[in-house]
Structure formats: C-alpha cells, structure tokens
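Structure file my_file-v5.cif; described as mmCIF, C-alpha atoms.
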data_work
loop_
_atom_site.group_PDB
_atom_site.id
_atom_site.type_symbol
_atom_site.label_atom_id
_atom_site.label_comp_id
_atom_site.auth_asym_id
_atom_site.auth_seq_id
_atom_site.Cartn_x
_atom_site.Cartn_y
_atom_site.Cartn_z
ATOM 1 C CA MET A 1 -174.639 -60.056 71.453
ATOM 2 C CA THR A 2 -177.234 -59.263 68.816
ATOM 3 C CA SER A 3 -180.781 -60.003 69.818
ATOM 4 C CA PRO A 4 -183.240 -61.274 67.224
ATOM 5 C CA TYR A 5 -185.877 -59.270 69.058
ATOM 6 C CA PRO A 6 -184.822 -55.635 68.641
ATOM 7 C CA ALA A 7 -188.344 -54.267 68.664
ATOM 8 C CA LEU A 8 -189.330 -55.186 72.225
ATOM 9 C CA SER A 9 -191.069 -52.307 73.848
ATOM 10 C CA LYS A 10 -191.869 -51.567 77.450
ATOM 11 C CA HIS A 11 -195.294 -51.648 78.952
ATOM 12 C CA PRO A 12 -196.773 -48.135 78.993
ATOM 13 C CA GLU A 13 -197.699 -48.521 82.666
ATOM 14 C CA GLY A 14 -194.091 -48.970 83.630
ATOM 15 C CA ASN A 15 -192.746 -51.854 85.638
ATOM 16 C CA LYS A 16 -195.800 -54.119 85.720
ATOM 17 C CA ALA A 17 -194.504 -56.234 82.844
ATOM 18 C CA PRO A 18 -191.023 -57.762 82.644
ATOM 19 C CA THR A 19 -188.399 -55.275 81.584
ATOM 20 C CA THR A 20 -187.221 -55.245 78.008
ATOM 21 C CA GLU A 21 -183.916 -56.793 79.034
ATOM 22 C CA GLU A 22 -185.634 -59.549 81.001
ATOM 23 C CA MET A 23 -187.946 -60.345 78.144
ATOM 24 C CA ILE A 24 -185.177 -60.412 75.543
ATOM 25 C CA LYS A 25 -183.224 -62.781 77.760
ATOM 26 C CA LEU A 26 -186.279 -64.911 78.344
ATOM 27 C CA ILE A 27 -187.281 -65.173 74.707
ATOM 28 C CA SER A 28 -184.012 -65.153 72.808
ATOM 29 C CA GLY A 29 -182.376 -67.518 75.258
ATOM 30 C CA ALA A 30 -185.333 -69.836 75.483
ATOM 31 C CA THR A 31 -186.330 -70.672 71.942
ATOM 32 C CA PRO A 32 -183.862 -71.868 69.307
ATOM 33 C CA HIS A 33 -186.827 -72.678 67.069
ATOM 34 C CA SER A 34 -188.067 -69.066 67.223
ATOM 35 C CA ARG A 35 -184.586 -67.922 66.190
ATOM 36 C CA GLU A 36 -184.622 -70.393 63.313
ATOM 37 C CA LEU A 37 -187.938 -68.961 62.122
ATOM 38 C CA GLY A 38 -186.845 -65.353 62.673
ATOM 39 C CA LEU A 39 -189.811 -64.681 64.965
ATOM 40 C CA GLN A 40 -189.764 -61.109 66.228
ATOM 41 C CA VAL A 41 -191.532 -59.555 69.175
ATOM 42 C CA VAL A 42 -193.201 -56.428 67.840
ATOM 43 C CA HIS A 43 -194.815 -55.364 71.105
ATOM 44 C CA SER A 44 -195.235 -56.706 74.591
ATOM 45 C CA ALA A 45 -197.199 -55.437 77.552
ATOM 46 C CA LYS A 46 -198.664 -57.006 80.675
ATOM 47 C CA GLY A 47 -200.693 -60.017 79.516
ATOM 48 C CA MET A 48 -200.392 -59.309 75.798
ATOM 49 C CA ALA A 49 -197.918 -59.646 72.966
ATOM 50 C CA ILE A 50 -197.595 -59.135 69.230
ATOM 51 C CA MET A 51 -195.112 -61.135 67.151
ATOM 52 C CA ARG A 52 -194.109 -61.196 63.498
ATOM 53 C CA LEU A 53 -193.118 -64.126 61.296
ATOM 54 C CA PRO A 54 -191.254 -63.125 58.105
ATOM 55 C CA TRP A 55 -192.611 -64.867 54.998
ATOM 56 C CA GLN A 56 -190.429 -67.784 53.887
ATOM 57 C CA GLU A 57 -191.032 -70.179 51.033
ATOM 58 C CA ARG A 58 -189.679 -73.127 53.034
ATOM 59 C CA LEU A 59 -192.674 -72.785 55.413
ATOM 60 C CA VAL A 60 -195.212 -73.406 52.682
ATOM 61 C CA GLY A 61 -197.715 -76.247 53.126
ATOM 62 C CA ASN A 62 -199.368 -76.003 49.738
ATOM 63 C CA PRO A 63 -196.759 -75.647 46.983
ATOM 64 C CA ASP A 64 -199.464 -75.139 44.332
ATOM 65 C CA GLU A 65 -200.756 -71.985 45.953
ATOM 66 C CA LEU A 66 -197.756 -71.013 48.132
ATOM 67 C CA VAL A 67 -199.941 -70.981 51.230
ATOM 68 C CA LEU A 68 -198.164 -71.173 54.604
ATOM 69 C CA HIS A 69 -198.500 -74.529 56.387
ATOM 70 C CA GLY A 70 -200.868 -74.546 59.348
ATOM 71 C CA GLY A 71 -198.066 -75.902 61.530
ATOM 72 C CA VAL A 72 -196.102 -72.692 61.316
ATOM 73 C CA VAL A 73 -199.242 -70.673 62.104
ATOM 74 C CA THR A 74 -199.611 -72.948 65.162
ATOM 75 C CA THR A 75 -196.003 -72.204 66.121
ATOM 76 C CA LEU A 76 -196.496 -68.440 65.820
ATOM 77 C CA LEU A 77 -199.744 -68.553 67.827
ATOM 78 C CA ASP A 78 -198.272 -70.840 70.509
ATOM 79 C CA SER A 79 -195.272 -68.516 70.831
ATOM 80 C CA VAL A 80 -197.277 -65.301 71.040
ATOM 81 C CA CYS A 81 -199.752 -66.844 73.525
ATOM 82 C CA GLY A 82 -196.808 -68.106 75.588
ATOM 83 C CA MET A 83 -195.207 -64.693 75.626
ATOM 84 C CA ALA A 84 -198.469 -62.968 76.608
ATOM 85 C CA THR A 85 -198.920 -65.513 79.408
ATOM 86 C CA MET A 86 -195.373 -65.082 80.714
ATOM 87 C CA SER A 87 -195.716 -61.322 80.712
ATOM 88 C CA ALA A 88 -198.889 -61.559 82.800
ATOM 89 C CA ARG A 89 -196.860 -62.338 85.930
ATOM 90 C CA GLN A 90 -194.090 -60.324 87.533
ATOM 91 C CA PRO A 91 -191.561 -61.816 87.858
ATOM 92 C CA PRO A 92 -192.284 -63.984 84.806
ATOM 93 C CA GLU A 93 -193.197 -67.589 85.621
ATOM 94 C CA ARG A 94 -192.542 -70.720 83.659
ATOM 95 C CA ILE A 95 -195.533 -71.901 81.690
ATOM 96 C CA VAL A 96 -196.745 -74.856 79.645
ATOM 97 C CA THR A 97 -199.364 -75.013 76.891
ATOM 98 C CA LEU A 98 -202.374 -77.149 77.805
ATOM 99 C CA ASP A 99 -204.309 -76.705 74.603
ATOM 100 C CA LEU A 100 -204.533 -74.498 71.578
ATOM 101 C CA ARG A 101 -207.480 -74.316 69.196
ATOM 102 C CA ILE A 102 -207.053 -72.649 65.832
ATOM 103 C CA ASP A 103 -209.866 -71.697 63.467
ATOM 104 C CA TYR A 104 -208.657 -70.812 59.974
ATOM 105 C CA GLN A 105 -210.521 -67.891 58.459
ATOM 106 C CA ARG A 106 -208.601 -67.613 55.185
ATOM 107 C CA PRO A 107 -205.344 -68.829 53.611
ATOM 108 C CA ALA A 108 -202.331 -66.601 54.248
ATOM 109 C CA THR A 109 -201.394 -64.507 51.203
ATOM 110 C CA PRO A 110 -198.005 -65.569 49.730
ATOM 111 C CA HIS A 111 -194.948 -63.326 50.220
ATOM 112 C CA VAL A 112 -196.591 -61.332 53.022
ATOM 113 C CA ASP A 113 -195.388 -61.458 56.659
ATOM 114 C CA LEU A 114 -197.685 -62.943 59.258
ATOM 115 C CA PHE A 115 -198.419 -61.232 62.582
ATOM 116 C CA ALA A 116 -200.123 -62.572 65.680
ATOM 117 C CA ARG A 117 -201.564 -60.813 68.684
ATOM 118 C CA ALA A 118 -202.443 -62.594 71.901
ATOM 119 C CA GLU A 119 -204.155 -61.433 75.035
ATOM 120 C CA VAL A 120 -204.773 -63.093 78.386
ATOM 121 C CA THR A 121 -208.542 -62.790 78.798
ATOM 122 C CA ARG A 122 -208.716 -64.365 82.234
ATOM 123 C CA GLN A 123 -206.333 -65.955 84.683
ATOM 124 C CA THR A 124 -206.675 -68.027 87.795
ATOM 125 C CA ARG A 125 -203.910 -68.930 90.238
ATOM 126 C CA THR A 126 -202.609 -71.631 87.891
ATOM 127 C CA ILE A 127 -204.352 -71.214 84.530
ATOM 128 C CA ALA A 128 -204.378 -68.475 81.881
ATOM 129 C CA PHE A 129 -207.031 -68.310 79.153
ATOM 130 C CA LEU A 130 -206.012 -66.553 75.971
ATOM 131 C CA SER A 131 -207.488 -65.200 72.828
ATOM 132 C CA ALA A 132 -205.282 -64.631 69.796
ATOM 133 C CA VAL A 133 -205.484 -63.687 66.141
ATOM 134 C CA ALA A 134 -203.108 -64.155 63.216
ATOM 135 C CA TYR A 135 -203.271 -61.575 60.434
ATOM 136 C CA GLN A 136 -201.222 -59.975 57.684
ATOM 137 C CA ASP A 137 -201.808 -56.328 56.733
ATOM 138 C CA ASP A 138 -205.099 -55.755 58.520
ATOM 139 C CA PRO A 139 -205.774 -57.169 62.027
ATOM 140 C CA LYS A 140 -209.491 -57.285 61.161
ATOM 141 C CA ASP A 141 -208.878 -59.475 58.107
ATOM 142 C CA MET A 142 -207.816 -62.506 60.138
ATOM 143 C CA VAL A 143 -205.968 -65.524 58.835
ATOM 144 C CA ALA A 144 -206.736 -67.431 62.027
ATOM 145 C CA LEU A 145 -208.501 -67.068 65.319
ATOM 146 C CA ALA A 146 -207.094 -68.968 68.285
ATOM 147 C CA THR A 147 -208.028 -69.869 71.838
ATOM 148 C CA GLY A 148 -205.300 -71.069 74.158
ATOM 149 C CA THR A 149 -205.090 -72.445 77.674
ATOM 150 C CA PHE A 150 -201.764 -72.226 79.500
ATOM 151 C CA MET A 151 -200.678 -73.330 82.940
ATOM 152 C CA PHE A 152 -198.295 -71.496 85.263
ATOM 153 C CA VAL A 153 -195.759 -73.919 86.670
ATOM 154 C CA GLY A 154 -193.972 -71.520 88.976
ATOM 155 C CA ARG A 155 -190.381 -70.464 89.264
ATOM 156 C CA ARG A 156 -187.700 -72.808 88.045
ATOM 157 C CA ARG A 157 -186.983 -75.652 90.455
ATOM 158 C CA LYS A 158 -184.060 -78.039 90.682
ATOM 159 C CA LYS A 159 -186.298 -81.038 90.030
ATOM 160 C CA ASP A 160 -187.333 -79.582 86.651
ATOM 161 C CA ALA A 161 -183.758 -78.864 85.695
ATOM 162 C CA GLU A 162 -183.074 -82.539 86.209
ATOM 163 C CA GLY A 163 -185.830 -83.458 83.779
ATOM 164 C CA GLY A 164 -188.592 -84.081 86.294
ATOM 165 C CA LYS A 165 -192.212 -83.901 85.290
ATOM 166 C CA VAL A 166 -193.870 -80.530 85.186
ATOM 167 C CA MET B 1 -196.803 -76.636 39.405
ATOM 168 C CA ASN B 2 -200.084 -78.386 40.152
ATOM 169 C CA ALA B 3 -199.285 -81.066 37.610
ATOM 170 C CA LEU B 4 -195.930 -81.566 39.261
ATOM 171 C CA LEU B 5 -197.521 -82.171 42.693
ATOM 172 C CA THR B 6 -200.122 -84.435 41.104
ATOM 173 C CA GLU B 7 -197.381 -86.448 39.426
ATOM 174 C CA LYS B 8 -195.341 -86.682 42.618
ATOM 175 C CA ILE B 9 -198.295 -87.993 44.607
ATOM 176 C CA ALA B 10 -199.391 -90.414 41.887
ATOM 177 C CA ALA B 11 -195.836 -91.737 41.641
ATOM 178 C CA ALA B 12 -195.638 -92.069 45.432
ATOM 179 C CA ARG B 13 -198.860 -94.082 45.481
ATOM 180 C CA ALA B 14 -197.732 -96.302 42.620
ATOM 181 C CA VAL B 15 -194.665 -97.409 44.566
ATOM 182 C CA GLY B 16 -196.423 -97.354 47.968
ATOM 183 C CA ASP B 17 -194.119 -94.683 49.409
ATOM 184 C CA PRO B 18 -195.889 -91.979 51.442
ATOM 185 C CA ASP B 19 -192.530 -90.375 52.160
ATOM 186 C CA ALA B 20 -192.459 -89.089 48.589
ATOM 187 C CA VAL B 21 -195.673 -87.195 49.405
ATOM 188 C CA ALA B 22 -193.989 -85.615 52.436
ATOM 189 C CA ARG B 23 -191.111 -84.551 50.168
ATOM 190 C CA ALA B 24 -193.605 -82.562 48.068
ATOM 191 C CA ILE B 25 -194.526 -80.324 51.039
ATOM 192 C CA PRO B 26 -191.863 -77.674 51.816
ATOM 193 C CA TYR B 27 -192.795 -77.286 55.520
ATOM 194 C CA ALA B 28 -192.661 -81.070 56.030
ATOM 195 C CA GLU B 29 -189.127 -80.936 54.600
ATOM 196 C CA PHE B 30 -188.291 -77.993 56.871
ATOM 197 C CA LEU B 31 -189.351 -79.997 59.951
ATOM 198 C CA ASN B 32 -187.584 -83.071 58.562
ATOM 199 C CA ILE B 33 -190.785 -85.129 58.646
ATOM 200 C CA THR B 34 -190.592 -88.552 57.030
ATOM 201 C CA ALA B 35 -193.403 -91.068 56.548
ATOM 202 C CA VAL B 36 -193.704 -94.843 56.299
ATOM 203 C CA LEU B 37 -196.551 -97.318 55.951
ATOM 204 C CA ASP B 38 -196.995 -99.815 58.771
ATOM 205 C CA ASP B 39 -199.380 -102.304 57.141
ATOM 206 C CA ASP B 40 -201.986 -99.823 55.958
ATOM 207 C CA ASP B 41 -201.315 -97.317 58.712
ATOM 208 C CA LEU B 42 -199.292 -94.203 57.965
ATOM 209 C CA ILE B 43 -196.692 -93.240 60.566
ATOM 210 C CA ALA B 44 -194.970 -89.876 60.305
ATOM 211 C CA THR B 45 -191.758 -89.069 62.162
ATOM 212 C CA MET B 46 -190.347 -85.639 62.946
ATOM 213 C CA ASN B 47 -186.628 -86.392 63.028
ATOM 214 C CA PHE B 48 -184.937 -84.487 65.829
ATOM 215 C CA ASN B 49 -182.803 -81.479 65.047
ATOM 216 C CA PRO B 50 -181.659 -78.874 67.643
ATOM 217 C CA ARG B 51 -183.373 -76.174 65.553
ATOM 218 C CA ILE B 52 -186.812 -77.396 66.724
ATOM 219 C CA ILE B 53 -186.049 -76.932 70.421
ATOM 220 C CA GLY B 54 -188.463 -74.572 72.132
ATOM 221 C CA ASN B 55 -187.127 -74.858 75.659
ATOM 222 C CA PRO B 56 -183.400 -75.574 76.031
ATOM 223 C CA ALA B 57 -183.637 -75.711 79.844
ATOM 224 C CA LEU B 58 -185.693 -78.912 79.931
ATOM 225 C CA PRO B 59 -184.836 -79.455 76.985
ATOM 226 C CA ALA B 60 -188.082 -79.767 75.034
ATOM 227 C CA ILE B 61 -189.195 -79.535 71.427
ATOM 228 C CA HIS B 62 -191.242 -76.428 70.538
ATOM 229 C CA GLY B 63 -194.958 -77.142 70.929
ATOM 230 C CA GLY B 64 -195.652 -75.435 67.618
ATOM 231 C CA THR B 65 -193.564 -77.992 65.732
ATOM 232 C CA ILE B 66 -195.461 -80.796 67.491
ATOM 233 C CA GLY B 67 -198.650 -79.137 66.224
ATOM 234 C CA GLY B 68 -197.030 -79.024 62.779
ATOM 235 C CA LEU B 69 -196.244 -82.742 62.940
ATOM 236 C CA LEU B 70 -199.816 -83.604 63.989
ATOM 237 C CA GLU B 71 -201.339 -81.507 61.204
ATOM 238 C CA THR B 72 -198.877 -82.844 58.614
ATOM 239 C CA THR B 73 -199.634 -86.446 59.619
ATOM 240 C CA ALA B 74 -203.350 -85.895 59.012
ATOM 241 C CA ILE B 75 -202.688 -84.189 55.663
ATOM 242 C CA LEU B 76 -200.378 -87.006 54.498
ATOM 243 C CA LYS B 77 -202.959 -89.601 55.493
ATOM 244 C CA LEU B 78 -205.763 -87.748 53.683
ATOM 245 C CA LEU B 79 -203.613 -87.333 50.562
ATOM 246 C CA TRP B 80 -202.895 -91.047 50.746
ATOM 247 C CA LEU B 81 -206.585 -91.991 51.063
ATOM 248 C CA GLN B 82 -208.070 -89.484 48.641
ATOM 249 C CA GLU B 83 -208.569 -90.002 44.968
ATOM 250 C CA THR B 84 -207.729 -86.366 44.304
ATOM 251 C CA VAL B 85 -204.392 -84.777 45.031
ATOM 252 C CA ARG B 86 -205.288 -81.266 46.148
ATOM 253 C CA ILE B 87 -203.856 -80.585 49.581
ATOM 254 C CA PRO B 88 -206.660 -80.601 52.212
ATOM 255 C CA LYS B 89 -207.276 -77.217 53.822
ATOM 256 C CA THR B 90 -207.307 -77.107 57.603
ATOM 257 C CA ILE B 91 -210.542 -75.595 58.916
ATOM 258 C CA THR B 92 -209.955 -76.105 62.640
ATOM 259 C CA ILE B 93 -207.359 -77.889 64.732
ATOM 260 C CA THR B 94 -207.255 -78.303 68.497
ATOM 261 C CA VAL B 95 -203.982 -79.508 69.965
ATOM 262 C CA ASP B 96 -203.773 -80.949 73.485
ATOM 263 C CA TYR B 97 -200.283 -80.901 74.968
ATOM 264 C CA LEU B 98 -199.918 -83.883 77.288
ATOM 265 C CA ARG B 99 -196.235 -84.198 78.142
ATOM 266 C CA SER B 100 -193.111 -82.242 77.300
ATOM 267 C CA ALA B 101 -191.404 -83.716 74.222
ATOM 268 C CA GLY B 102 -187.707 -84.421 74.720
ATOM 269 C CA PRO B 103 -184.858 -83.921 72.225
ATOM 270 C CA LYS B 104 -185.485 -87.038 70.158
ATOM 271 C CA ASN B 105 -187.572 -88.296 67.255
ATOM 272 C CA THR B 106 -191.333 -87.823 67.562
ATOM 273 C CA HIS B 107 -193.788 -90.123 65.791
ATOM 274 C CA ALA B 108 -197.448 -89.599 64.935
ATOM 275 C CA ARG B 109 -200.346 -91.576 63.566
ATOM 276 C CA CYS B 110 -203.979 -90.723 63.057
ATOM 277 C CA SER B 111 -207.413 -92.133 62.472
ATOM 278 C CA VAL B 112 -209.789 -90.591 59.985
ATOM 279 C CA THR B 113 -213.075 -90.551 61.877
ATOM 280 C CA LYS B 114 -215.011 -89.167 58.933
ATOM 281 C CA LEU B 115 -214.083 -88.980 55.280
ATOM 282 C CA GLY B 116 -216.925 -87.144 53.609
ATOM 283 C CA ALA B 117 -217.232 -85.660 50.157
ATOM 284 C CA ARG B 118 -216.343 -82.193 51.409
ATOM 285 C CA VAL B 119 -214.901 -82.490 54.912
ATOM 286 C CA ALA B 120 -212.833 -84.937 56.893
ATOM 287 C CA ASN B 121 -212.408 -85.272 60.642
ATOM 288 C CA VAL B 122 -209.120 -86.663 61.903
ATOM 289 C CA LYS B 123 -207.825 -87.555 65.381
ATOM 290 C CA ILE B 124 -204.057 -87.562 65.623
ATOM 291 C CA PHE B 125 -201.624 -88.403 68.371
ATOM 292 C CA ALA B 126 -197.885 -88.131 68.777
ATOM 293 C CA TRP B 127 -195.455 -90.046 70.957
ATOM 294 C CA GLN B 128 -191.743 -90.530 71.425
ATOM 295 C CA ASP B 129 -190.642 -93.789 73.096
ATOM 296 C CA ASN B 130 -193.965 -95.245 74.095
ATOM 297 C CA PRO B 131 -197.214 -94.936 72.077
ATOM 298 C CA GLY B 132 -199.040 -95.497 75.390
ATOM 299 C CA LYS B 133 -197.603 -92.215 76.662
ATOM 300 C CA PRO B 134 -198.509 -89.677 73.982
ATOM 301 C CA VAL B 135 -196.833 -86.238 74.107
ATOM 302 C CA ALA B 136 -199.714 -84.558 72.275
ATOM 303 C CA GLY B 137 -203.021 -85.201 70.572
ATOM 304 C CA ALA B 138 -205.182 -83.265 68.160
ATOM 305 C CA ASN B 139 -208.629 -83.162 66.630
ATOM 306 C CA ALA B 140 -208.827 -81.521 63.214
ATOM 307 C CA ASN B 141 -211.367 -80.784 60.505
ATOM 308 C CA PHE B 142 -210.267 -80.434 56.881
ATOM 309 C CA MET B 143 -211.923 -79.150 53.746
ATOM 310 C CA LEU B 144 -211.265 -81.604 50.954
ATOM 311 C CA SER B 145 -210.970 -80.025 47.574
ATOM 312 C CA THR B 146 -212.813 -82.668 45.645
ATOM 313 C CA GLY B 147 -213.576 -80.215 42.876
#

Could you write out this structure as structure tokens?
Amino acid sequence: MTSPYPALSKHPEGNKAPTTEEMIKLISGATPHSRELGLQVVHSAKGMAIMRLPWQERLVGNPDELVLHGGVVTTLLDSVCGMATMSARQPPERIVTLDLRIDYQRPATPHVDLFARAEVTRQTRTIAFLSAVAYQDDPKDMVALATGTFMFVGRRRKKDAEGGKV
Amino acid sequence: MNALLTEKIAAARAVGDPDAVARAIPYAEFLNITAVLDDDDLIATMNFNPRIIGNPALPAIHGGTIGGLLETTAILKLLWLQETVRIPKTITITVDYLRSAGPKNTHARCSVTKLGARVANVKIFAWQDNPGKPVAGANANFMLSTG
C-alpha cells in the first residue's frame, strides 16, 4: 500500500512519540479528506508536527487574486494541531477539537505550497493548548497564526464505535 | 477576471440567486457548498461527499471543512449585502466545535453583527438535523474592500 505520507520522520529522542508506522496508520487511515487534499506530514515529534498542503487552484477563495480560501487554511491548521496533539501522548489518544482561532497575517501567494507547524504549548490531563503557524517559503513570514484547544477523549471505546457522544 | 466575478455577482443579485455567487468561488465548489435565500436569510449547505470525512471510525466530517463552510457562509452573506463585489478578506476567525458532524448535509446561517465601512463582524453557526443542536459556531472579522 502506498502511503500519502512518505516523509514521516521519527522523534529524535526515540520512542517517546508514536512510531512512524503507527503514525502513518493513524493519519492515512483516519482522514479521507486529508488524502483528497494531498496533505503531507513533513515532520512529527512528541507534541509537534509540520504538514504541507500542495497548491491547488480548486482551493482558491478569491478567483480575482488566486488567494487560497481561509477554509483550507483552517483545515491544514486543524490537521496539524490534531497531529501534534495526538503525538503528545504515547500511545496516541483520540482527540477532538474544542476551538481554533486563526489570525490572518497576509494572503497566501498563488502557486506556492502552504506549510503549517503546530506545537503543544501546555497540556493538562484532558486538554491540550496549541500554538501554530501557517507559512510558505519562510516560517517567519506567516500567512496565519493560530491558537487551538483540543481535548483528549481516551482510547477507543465500544460506545464511541456505535456512534455515542464523545 | 475581476469583471467576470463582478458580472457573476451582479447577475446573481438580479435574479435573487445567491447560489450563483457560491459558484464563482472555486473552494465553495470544491466543498460542494450551495446557497439559498430563506426570506431574506441566506442558508448555505455543504452537501455531503465521502471526500470530506475526517474520521471514518465515527464517522465524522473533517472539522476543517466545517470551518470552511462557516467562513464561506459569512463571505456569501457579505457579498450579498455589500454594494461592492470584492471578496471580503478574513482577518480573524474563531471556530468552536460543539458536536461531531455526521456523514450528511451540513447547513449554516449567520448574522452580521456589524457592517461597517471597512470591517464586518459576523457570527455563524452550522447544524445538521436540528438548528437547536449546532455542530459548530464561529465568530469572524472581515476586511471589506470598499475601495
């Protein structure tokens, strides 16, 4: 099977983060929408992740200026924050997004891939607080700055599989 | 290209069809978002497609696409209300995820809490079967390009 996430790398400190295989399974198996977008994991370590979104004209929100729609920036940031949150626990736990705030610093330049980097800044027993940025060529020249709050909902239970409330 | 968008939006307004505005935005097409007017209120719908699933185990729609629907709904509403036809630029958006969204159509409506000369503030919410049980809500600020 070909994974859409060939560039997953291991955490430099060894087995603190999920293994590459675990993470590939987790991500590629879990998100049809990420596959549709061609989202790639560039790097992942304990409590952090970097992902890449290839530029696509169909994701444009402003056809006059070929600027990416904010919704797809939201998707990239939600995904990268989710991955950073999952990788903060070993073994990885299921998570849900509580909220995500995005501050746009500049429009994304047309025909250039978008990257996002997320980091868990603090976590409690049930909540993870994250900081993330979206950028193109230079991480300091941000397209967007984001703050996310995620909740750990534990290992998978039968109730959830049957569609119960999280 | 600008003239083309201008014409599309003017034509959409002339016939009272906000869906034609949605058709002018590539990402709205990508998410299969359609729009209708309910009296004067604009309701946008993200028509379900398996490609927008974010969690196949539940299954649930990807939260990012819900954010995309919320933001698109506000933009469509602002384009509908504004005299000008430049697409509003999102300054900030905060999305609250309230319930997991199942594999079905998701609807959204919004209220424009402030429509100034330069900025607009919009509160948006999205639901599936029951508007009283929203799946997500958002607060967003837009820069209006009024020239």

*Given all atoms listed in the file as the counted atoms, nearest of A:Glu93, A:Glu65, A:Glu57, A:Asp99 to chain B*: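 Closest to chain B of all the choices is A:Asp99.
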
*Pick out the closest residue to Leu59 in chain A from this set: B:Ala28, B:Ala35, B:Val21, B:Ala117. Count all atoms listed in the file.*
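Looking only at the distances to Leu59 in chain A, the closest residue turns out to be B:Ala28.
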
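Distances here use only C-alpha atoms; by that measure, the residue among A:Arg94, A:Lys46, A:His111, A:Arg101 closest to Leu68 in chain A is A:His111.
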
_When you look at Leu70 in chain B with a cut-off of 7 Å (counting all atoms listed in the file), what residues show up, excluding the ones that are within fewer than 4 positions of it in the same chain? I need them as a VMD selection string._
chain B and resid 66 74 108 124 to 126 138

Selected residues, C-alpha atoms, written as a PDB file, in the frame of the given file, please.
ATOM      1  CA  ILE B  66    -195.461 -80.796  67.491  1.00  0.00           C
ATOM      2  CA  ALA B  74    -203.350 -85.895  59.012  1.00  0.00           C
ATOM      3  CA  ALA B 108    -197.448 -89.599  64.935  1.00  0.00           C
ATOM      4  CA  ILE B 124    -204.057 -87.562  65.623  1.00  0.00           C
ATOM      5  CA  PHE B 125    -201.624 -88.403  68.371  1.00  0.00           C
ATOM      6  CA  ALA B 126    -197.885 -88.131  68.777  1.00  0.00           C
ATOM      7  CA  ALA B 138    -205.182 -83.265  68.160  1.00  0.00           C
TER       8      ALA B 138
END

*With a cut-off of 9 Å and counting all atoms listed in the file, select all residues of chain B in contact with chain A and give the selection as a count of residues only.*
49

_Pick from A:Met86, A:Ala116, A:Ala132, A:Val41 nearest to Met151 in chain A, counting only C-alpha atoms_ =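 Ranked by minimum distance to Met151 in chain A, first place goes to A:Met86.
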
_Give me the residues near Tyr135 in chain A as a ChimeraX atom specification, where near means some atom within 8 Å (using only C-alpha atoms) and where sequence neighbours in that chain fewer than 2 positions away do not count._
/A:114-116,133,137-144

*Please indicate the distance in Å from CA of Gly137 in chain B to CA of Gly47 in chain A, rounded to one decimal place.*
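Here the two named atoms are 26.8 Å from each other.
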
*Starting from the shown file, work through the PyMOL selection byres ((chain A and resi 118) around 7) and note down what comes out as an NGL selection string.*
:A and (48-50 or 80-81 or 84 or 116-117 or 119-120 or 130-133)

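The interatomic distance for the pair CA of Ile33 in chain B and CA of Leu78 in chain B works out to 16.0 Å.
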
*So which residues are close to (-201.5, -85.9, 47.7), meaning at most 10 Å away in the file's coordinates with only C-alpha atoms counted, and can you show them as a list in words?*
Leu5, Thr6, Glu7, Lys8, Ile9, Ala10, Ala12, Arg13, Pro18, Ala20, Val21, Ala22, Ala24, Ile25, Ile75, Leu76, Lys77, Leu78, Leu79, Trp80, Leu81, Gln82, Glu83, Thr84, Val85, Arg86, Ile87 and Pro88 of chain B

_Length of the CA of Asn141 in chain B to CA of Met46 in chain B vector [Å]_ = 21.7 Å

*For Arg118 in chain B, please output as a PyMOL selection string all residues within 9 Å (counting only C-alpha atoms; exclusion window: fewer than 6 positions along the same chain).*
chain B and resi 142-146

Can you write just those residues out, C-alpha atoms, as a CSV table (one decimal), keeping the file's coordinate frame?
chain,number,residue,atom,x,y,z
B,142,PHE,CA,-210.3,-80.4,56.9
B,143,MET,CA,-211.9,-79.2,53.7
B,144,LEU,CA,-211.3,-81.6,51.0
B,145,SER,CA,-211.0,-80.0,47.6
B,146,THR,CA,-212.8,-82.7,45.6

*Identify which of the residues B:Ile43, B:Ala120, B:Val135, B:Cys110 lies closest to Asp17 in chain B, counting all atoms listed in the file when measuring atom-to-atom distances.*
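Among the listed residues, B:Ile43 lies closest to Asp17 in chain B.
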
Draw an axis-aligned box over all listed atoms of range 13-20 of chain B, pad each side with 8 Å, and write its centre and edge lengths in Å, one decimal, as JSON.
{"center_x": -195.7, "center_y": -93.2, "center_z": 47.4, "size_x": 22.4, "size_y": 24.3, "size_z": 25.5}
